[in-house]
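The next block holds one structure in the form of structure tokens; read it before the comments.
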Amino acid sequence: MPAPSFDGALAVPGPSVADGLCHAGWVMQEHFIPPELSRQLAAECVQSMLNGNMKGAGVGSGHAPLLQPDIRGDHIEWLEAGRSAACDRYLEHMEALRLTLNRELFLGLDEYESHFALYAPGAFYRAHLDRFRDDDKRTVSVVLYLNDDWLPAHGGALRLHPQGAPVVDVAPVAGRMAMFLSGEMLHEVLPTARERLSIAGWFRRRA
């Protein structure tokens with residue numbers, strides 16, 4: 001049976017993304033950022049790749065993660081405040097989300113880190129958890145998609161593997177945000193047939 005696919009409304013019931021995260025371990029929200037901001041971030045991501053600023057993403061923690069294209073095929077560039085007006089607006093959205101999660105779920109989230117991620121046609125990322133074995137600070141993973149006019153034939157879905165439930169495929173449609181528990185939600189990126197853009201990030205707790 002194929003995985004359920006979401007390309008419309010909020011994927012879980014309830015008025016708050018915190019509710020979905022608490023009850024299902026993941027949540028999706030449409031139009032998390034305005035379309036204009038999504039287009040600006042997408043253009044910045046592509047330009048970064050053209051400028052040679054994005055590097056092949058490695059596997060594992062530490063200062064020198066291993067490049068293993070048979071496991072992970074995206075290119076990334078880490079984001080910092082002050083990089084651009086668009087990135088600063090995006091980080092303002094994430095700060096508001098951090099405060100909401102702490103207020104509603106008492107998670108003690110202390111900081112946020114994120115990077116652009118570009119998957120060229122044919123690239124994928126095999127199933128994994130976002131929390132490292134030797135570093136448990138990553139608590140909540142957030143992925144924001146930047147792809148206009150995405151079609152099912154383009155592939156590239158985020159496939160979630162909720163414990164005790166069927167897998168779920170989330171298409172990487174512009175403005176869509178997917179969020180899940182970093183240490184519990186096994187997930188993967190299915191092979192993409194066209195260039196796939198996103199910002200991947202993690203809310204972290206203090207050690």
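Please note that chains go A, B, ... in the order of the structure tokens, that every chain numbers its residues from 1, and that ligands are numbered from 1 in the order shown.
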Any idea what's packed within 9 Å of Ala86 in chain A, counting only C-alpha atoms, ignoring anything in its chain fewer than 2 positions away? Could you give it as an mmCIF file with C-alpha atoms, in the first residue's frame?
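Output contents, as saved in part_36.cif:
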data_model
loop_
_atom_site.group_PDB
_atom_site.id
_atom_site.type_symbol
_atom_site.label_atom_id
_atom_site.label_comp_id
_atom_site.auth_asym_id
_atom_site.auth_seq_id
_atom_site.Cartn_x
_atom_site.Cartn_y
_atom_site.Cartn_z
ATOM 1 C CA LEU A 37 9.703 35.173 1.405
ATOM 2 C CA SER A 38 9.745 31.593 0.127
ATOM 3 C CA GLN A 40 13.474 35.046 -1.916
ATOM 4 C CA LEU A 41 14.937 32.195 0.127
ATOM 5 C CA GLU A 44 19.271 32.765 -2.315
ATOM 6 C CA ARG A 83 23.277 36.958 6.236
ATOM 7 C CA SER A 84 20.398 38.619 4.372
ATOM 8 C CA ASP A 88 16.614 37.271 9.113
ATOM 9 C CA ARG A 89 12.864 37.263 8.454
ATOM 10 C CA TYR A 90 12.928 33.466 8.355
ATOM 11 C CA LEU A 91 14.830 33.332 11.653
#
Taking only residues of range 144-194 of chain A that have an atom at most 7 Å from an atom of range 22-29 of chain A, what is each one's shortest atom pair and its distance in Å to one decimal, using only C-alpha atoms, in chain and number order, as a Markdown table?
| residue | atom | partner | partner_atom | distance |
| --- | --- | --- | --- | --- |
| A:Arg176 | CA | A:Gln29 | CA | 5.9 |
| A:Met177 | CA | A:Gln29 | CA | 5.2 |
| A:Ala178 | CA | A:Met28 | CA | 4.4 |
| A:Met179 | CA | A:Val27 | CA | 5.4 |
| A:Phe180 | CA | A:Trp26 | CA | 4.0 |
| A:Leu181 | CA | A:Gly25 | CA | 5.7 |
Selection export as a CSV table (one decimal), in the first residue's frame, atoms kept: N, CA and C atoms:
chain,number,residue,atom,x,y,z
A,176,ARG,N,5.5,25.1,2.8
A,176,ARG,CA,5.1,24.1,3.8
A,176,ARG,C,6.2,23.8,4.8
A,177,MET,N,5.8,23.6,6.0
A,177,MET,CA,6.7,23.3,7.1
A,177,MET,C,6.3,21.9,7.7
A,178,ALA,N,7.3,21.1,7.9
A,178,ALA,CA,7.2,19.8,8.6
A,178,ALA,C,8.0,19.8,9.8
A,179,MET,N,7.5,19.4,10.9
A,179,MET,CA,8.2,19.4,12.2
A,179,MET,C,8.0,18.0,12.9
A,180,PHE,N,9.1,17.5,13.5
A,180,PHE,CA,9.0,16.2,14.2
A,180,PHE,C,10.1,16.1,15.3
A,181,LEU,N,9.9,15.2,16.1
A,181,LEU,CA,10.8,15.0,17.2
A,181,LEU,C,12.1,14.4,16.7
### Task
Figure out the distance between CA of Arg131 in chain A and CA of Asp70 in chain A, please, to one decimal in Å.
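Taking CA of Asp70 in chain A as the start and CA of Arg131 in chain A as the end point, the length is 20.2 Å.
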### Length of the CA of Pro34 in chain A to CA of Ser198 in chain A vector [Å]
14.7 Å
